[in-house]
Structure formats: structure tokens, C-alpha cells
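Q: Take a look at the following structure, please.
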Amino acid sequence: MAAFSNPVTKLFSTDYPIIQAGMIWASGWRLASAVSNAGGLGLIGSGSMYPDQLREHIRKCRQATSRTFGVNVPLLYPDIEKHIDIIIAEGVKVVFTSAGNPKTWTPLLKEKGITVVHVVSSSKFAVKSQDAGVDAVVAEGFEAGGHNGREETTTMVLVPAVADAVKIPVIAAGGIGSGKAMAAAFALGASGVQVGSRFVATPEASSHQSFKDAVVKAGEGDTMLSLKQLTPVRLLRNAFFEAVQKAEQEGASREELNILLGRGRSKRGMFEGDLAEGELEIGQVSALIGGIMPAADVLREIWDGFLETGRRLGGMASG
């Protein structure tokens, strides 16, 4: 693959403007290092890690790649201060933040020379993130797996809205798992893409094999947004999802939903492989994933598809 240069590749010192999302129970050092070694930006997902585990993954990732990698930090994480301290102490160069106010930690991270990117679900929050000093934003449409914006704005609408609203680079996410989707995101104003679900279906992802197999088998309509009274999250349909849907239809309170959710539900599903009672977070693009392949091959397939789509569209434009 020939190297490519644009604002996103320059920001992260990568060959390609493709970022592997930092997903809980999937994005450990093996996946992050594999993507970075292949020329993209790999992210360690710290949201499912205790502080000591995060330190271990950062160190192992550094041993496995000489390329840039980063850490995704959900700002609502209970031990956020410990995670930030470890990231700074270990010399991580890139941090993606989500699920919180970027003003809280961006100034400190920037002071330490760290590149900061914040994930947003609206142009309003994109502007606030830019004002907070972040270097780029991820515009994540509600097709995405995991926790989602309450506005339920699709990637097709969100990306151009955010691109028009800010001057910093925009990275598109949500429903992107192919070169065609990447080309569409660029046409909408993005300078890069963040890919999550497609990288779950790789040998390097730390998710349980049963979960990976379920992702590959998923079809259109097999994921739905759930738990809207708490924090909206896109899940694969299973017995747990059906129980939540029934409770919501019957007017369950936030407290009752919290009891139903319990503790460790996502670990139970995605990491331990309980496909009935676990929380199975994945995006709509799972319907387009045809099989499990190495992370480097996923990146290569997306990039080659992006270039081929560009050539095809160029031919259409010339008549």
C-alpha cells in the first residue's frame, strides 16, 4: 500500500487515516499494536481495564510496535485520575476521550504534549470540544456500537454537520467497515475514519470467540439501541436485550433498569462469551462483516476499497 498524507495522518504520524476504535473488552495491546504496525492508529480501550492493567497494556504495546498508538479514555470512568496519571507517566502520545466534558482533562494532556481527540455525537459538542483545545474530533453516528448519543443522528447527517461547524480535522465513525464507507465519509467532509466493529472480528481482538462469531453471523436489524433512560447503547439482540426491551415497554424506572443491568454485564457477554445474558455491544455494520481476518488484512482491505471507490467515482465524474 502506498503511503498517504493528509491532516489526520500528519496528526498521528501514521501511513493511513484509519483509526481502530478503543473498544471495551476488545481493544487490548495485541489489536492496537497490530493496527499501528500496519500503518493505522491503534487504540487501547481503557474503559474495561483497572489502572494496573492499563499500564501493562501500554508497556506491552510499546514493546510490540515502534509506531504511534493511543489510549481511549471514557471520561466517566471511576478511576479516571489514575488512568490519566498512568498515560502521562508512560509517555502515551495520543489520547481519545469520550463520554464526558473535554474541558476537564484536555488542558493537562495538552500541557504534557499529548495529542487529544474527543468523540462527539453532535455539532454542538464538536464546537465545545474545539473550544476546549482538542486537536480533532470523532463524529460518531448512532449506527455505532456501544454507547451512543441521545440525538440518534446518523453518520450521513452528523459528519457534514460537524465538518461545517469546526476548523479542526473530523474523523468519521459509525457504520464504517469498508473502503466504500470510508470514501463516503471523506465525501461528507471527514479527513479520517474510526473503525470499531470490523476490528472486533479479528484474531487480535481480546473479545471472546463466541462473541466474534455472533458478530459475523449478525444480519440487518440484529442490533438495536437500548437502555435509553440510562445511557443509550447499541446491542445485539439476545435474551438480555429482550428483557430490557420488555422492561422499558412496561415503564420501568431508571432504578429498575439499573438493577436489571447489574454489574459486569458487558464483560459477561463480550469477554466471557455469554451470548444469552451478556451485554453484546456492536454496531450496525456487523451485518456487513463476512468473516474473521487479521487486523492488518482488515486495514488493507479498507484502504484498497477506498482507493478503488475513488477510481470508480472518478470515472463516473468524467462520464
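Chains: A, B, ... in order of the C-alpha cells. Residues: from 1 per chain. Ligands: from 1, in order shown.
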Name the residues of range 59-271 of chain A that fall into strand (DSSP E or B) according to DSSP on the backbone, using the chain letters and numbers of this document, as number ranges by chain.

A: A: 69-74, 94-98, 115-120, 136-140, 146-147, 170-173, 192-195, 223-226, 233-236

Q: DSSP on the backbone: what in range 19-77 of chain A comes out alpha helix (DSSP H), as a list of chain:residue names?

A: A:Trp29, A:Arg30, A:Leu31, A:Ala32, A:Ser33, A:Ala34, A:Val35, A:Ser36, A:Asn37, A:Pro51, A:Asp52, A:Gln53, A:Leu54, A:Arg55, A:Glu56, A:His57, A:Ile58, A:Arg59, A:Lys60, A:Cys61, A:Arg62, A:Gln63, A:Ala64

Q: Measuring atom to atom with only C-alpha atoms, identify which of A:Gly28, A:Ala190, A:Met293, A:Ala287 is nearest to Gly219 in chain A.

A: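 Looking only at the distances to Gly219 in chain A, the closest residue turns out to be A:Ala287.
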
Q: Using only C-alpha atoms, which of A:Gly192, A:Gly291, A:Gly174, A:Pro169 sits nearest Thr154 in chain A?

A: A:Gly174

Q: Report as JSON lines the residues of range 139-195 of chain A within 12 Å of range 126-129 of chain A, each with its shortest atom pair and distance in Å (one decimal), using only C-alpha atoms, ordered by chain and increasing residue number.

A:
```
{"residue": "A:Ala139", "atom": "CA", "partner": "A:Ala126", "partner_atom": "CA", "distance": 7.8}
{"residue": "A:Glu140", "atom": "CA", "partner": "A:Ala126", "partner_atom": "CA", "distance": 10.7}
{"residue": "A:Leu158", "atom": "CA", "partner": "A:Ala126", "partner_atom": "CA", "distance": 10.3}
{"residue": "A:Val159", "atom": "CA", "partner": "A:Ala126", "partner_atom": "CA", "distance": 10.5}
{"residue": "A:Pro160", "atom": "CA", "partner": "A:Ala126", "partner_atom": "CA", "distance": 11.8}
{"residue": "A:Ala161", "atom": "CA", "partner": "A:Ala126", "partner_atom": "CA", "distance": 9.6}
{"residue": "A:Val162", "atom": "CA", "partner": "A:Ala126", "partner_atom": "CA", "distance": 6.4}
{"residue": "A:Ala163", "atom": "CA", "partner": "A:Ala126", "partner_atom": "CA", "distance": 9.1}
{"residue": "A:Asp164", "atom": "CA", "partner": "A:Val127", "partner_atom": "CA", "distance": 10.2}
{"residue": "A:Ala165", "atom": "CA", "partner": "A:Val127", "partner_atom": "CA", "distance": 6.6}
{"residue": "A:Val166", "atom": "CA", "partner": "A:Val127", "partner_atom": "CA", "distance": 6.0}
{"residue": "A:Lys167", "atom": "CA", "partner": "A:Val127", "partner_atom": "CA", "distance": 9.1}
{"residue": "A:Ile168", "atom": "CA", "partner": "A:Ala126", "partner_atom": "CA", "distance": 9.5}
{"residue": "A:Pro169", "atom": "CA", "partner": "A:Ala126", "partner_atom": "CA", "distance": 10.7}
{"residue": "A:Val170", "atom": "CA", "partner": "A:Ala126", "partner_atom": "CA", "distance": 9.2}
{"residue": "A:Ile171", "atom": "CA", "partner": "A:Ala126", "partner_atom": "CA", "distance": 11.2}
```

Q: Excluding Thr106 in chain A and any residue of its chain fewer than 6 positions from it, enumerate the residues within 9 Å of it, using only C-alpha atoms, and give them as a PyMOL selection string.

A: chain A and resi 97+114+116-117+132-134

Q: Would you mind reading off the distance between CA of Leu236 in chain A and CA of Met156 in chain A, one decimal, in Å?

A: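 Computing the Euclidean distance for CA of Leu236 in chain A and CA of Met156 in chain A yields 22.0 Å.
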
Q: Any chance you could tabulate, as JSON lines, the residues of range 15-118 of chain A at most 10 Å from range 294-308 of chain A with each one's nearest atom pair and distance in Å to one decimal, using only C-alpha atoms, in chain and rising number order?

A:
```
{"residue": "A:Tyr16", "atom": "CA", "partner": "A:Trp303", "partner_atom": "CA", "distance": 7.9}
{"residue": "A:Pro17", "atom": "CA", "partner": "A:Trp303", "partner_atom": "CA", "distance": 9.2}
{"residue": "A:Ile18", "atom": "CA", "partner": "A:Leu299", "partner_atom": "CA", "distance": 7.6}
{"residue": "A:Ile19", "atom": "CA", "partner": "A:Leu299", "partner_atom": "CA", "distance": 9.3}
{"residue": "A:Gln20", "atom": "CA", "partner": "A:Leu299", "partner_atom": "CA", "distance": 9.1}
{"residue": "A:Arg30", "atom": "CA", "partner": "A:Ala295", "partner_atom": "CA", "distance": 9.7}
{"residue": "A:Leu31", "atom": "CA", "partner": "A:Ala295", "partner_atom": "CA", "distance": 7.0}
{"residue": "A:Ala32", "atom": "CA", "partner": "A:Ala295", "partner_atom": "CA", "distance": 9.1}
{"residue": "A:Ser33", "atom": "CA", "partner": "A:Ala295", "partner_atom": "CA", "distance": 9.7}
{"residue": "A:Ala34", "atom": "CA", "partner": "A:Ala295", "partner_atom": "CA", "distance": 6.3}
{"residue": "A:Val35", "atom": "CA", "partner": "A:Ala296", "partner_atom": "CA", "distance": 6.0}
{"residue": "A:Ser36", "atom": "CA", "partner": "A:Ala296", "partner_atom": "CA", "distance": 8.8}
{"residue": "A:Asn37", "atom": "CA", "partner": "A:Ala296", "partner_atom": "CA", "distance": 7.9}
{"residue": "A:Ala38", "atom": "CA", "partner": "A:Ala296", "partner_atom": "CA", "distance": 5.3}
{"residue": "A:Gly39", "atom": "CA", "partner": "A:Leu299", "partner_atom": "CA", "distance": 8.3}
{"residue": "A:Gly40", "atom": "CA", "partner": "A:Leu299", "partner_atom": "CA", "distance": 7.4}
```

Q: CA of Thr104 in chain A and CA of Ser191 in chain A, how far apart in Å?

A: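 Between these atoms lies a distance of 25.9 Å.
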
Q: Quick one: residues within 10 Å of Lys217 in chain A, only C-alpha atoms, excluding same-chain residues fewer than 4 positions away - as a VMD selection string?

A: chain A and resid 211 to 213 222 286 to 291

Q: Residues of the last selection are to be written out with C-alpha atoms, as a PDB file, in the first residue's frame.

A:
```
ATOM      1  CA  PHE A 211     -18.935 -13.036  20.532  1.00  0.00           C
ATOM      2  CA  LYS A 212     -16.811 -12.660  17.394  1.00  0.00           C
ATOM      3  CA  ASP A 213     -18.748 -15.481  15.741  1.00  0.00           C
ATOM      4  CA  ASP A 222     -29.976  -7.592  14.604  1.00  0.00           C
ATOM      5  CA  SER A 286     -21.850  -6.076  11.807  1.00  0.00           C
ATOM      6  CA  ALA A 287     -24.408  -7.057   9.157  1.00  0.00           C
ATOM      7  CA  LEU A 288     -21.717  -6.458   6.508  1.00  0.00           C
ATOM      8  CA  ILE A 289     -18.874  -8.361   8.177  1.00  0.00           C
ATOM      9  CA  GLY A 290     -18.269 -11.581   6.287  1.00  0.00           C
ATOM     10  CA  GLY A 291     -15.628 -13.262   8.419  1.00  0.00           C
TER      11      GLY A 291
END
```

Q: From the options A:Gly264, A:Gly269, A:Gly149, A:Gly179, which residue's atoms come nearest to Thr309 in chain A, counting only C-alpha atoms?

A: A:Gly179

Q: Near Ala276 in chain A, within 10 Å and counting only C-alpha atoms, which residues show up once chain neighbours fewer than 5 positions away are dropped, as a PyMOL selection string?

A: chain A and resi 237-242+268-269

Q: Which neighbours of Gly70 in chain A fall inside 8 Å, counting only C-alpha atoms, when residues of the same chain fewer than 6 positions from it are skipped, and could you give them as a ChimeraX atom specification?

A: /A:41-44,92-96

Q: Separation of CA of Gly146 in chain A and CA of Glu220 in chain A, in Å?

A: 16.8 Å

Q: Please report as a Markdown table every residue of range 80-138 of chain A lying within 10 Å of range 49-57 of chain A, along with the nearest atom pair and their distance in Å (one decimal), using only C-alpha atoms.

A:
```
| residue | atom | partner | partner_atom | distance |
| --- | --- | --- | --- | --- |
| A:Ile80 | CA | A:Pro51 | CA | 8.9 |
| A:Glu81 | CA | A:Pro51 | CA | 9.6 |
| A:Lys82 | CA | A:Pro51 | CA | 6.3 |
| A:His83 | CA | A:Pro51 | CA | 5.8 |
| A:Ile84 | CA | A:Pro51 | CA | 9.4 |
| A:Asp85 | CA | A:Pro51 | CA | 9.4 |
| A:Ile86 | CA | A:Arg55 | CA | 6.4 |
| A:Ile87 | CA | A:Arg55 | CA | 7.8 |
| A:Ala89 | CA | A:Arg55 | CA | 9.4 |
| A:Glu90 | CA | A:Arg55 | CA | 7.5 |
```
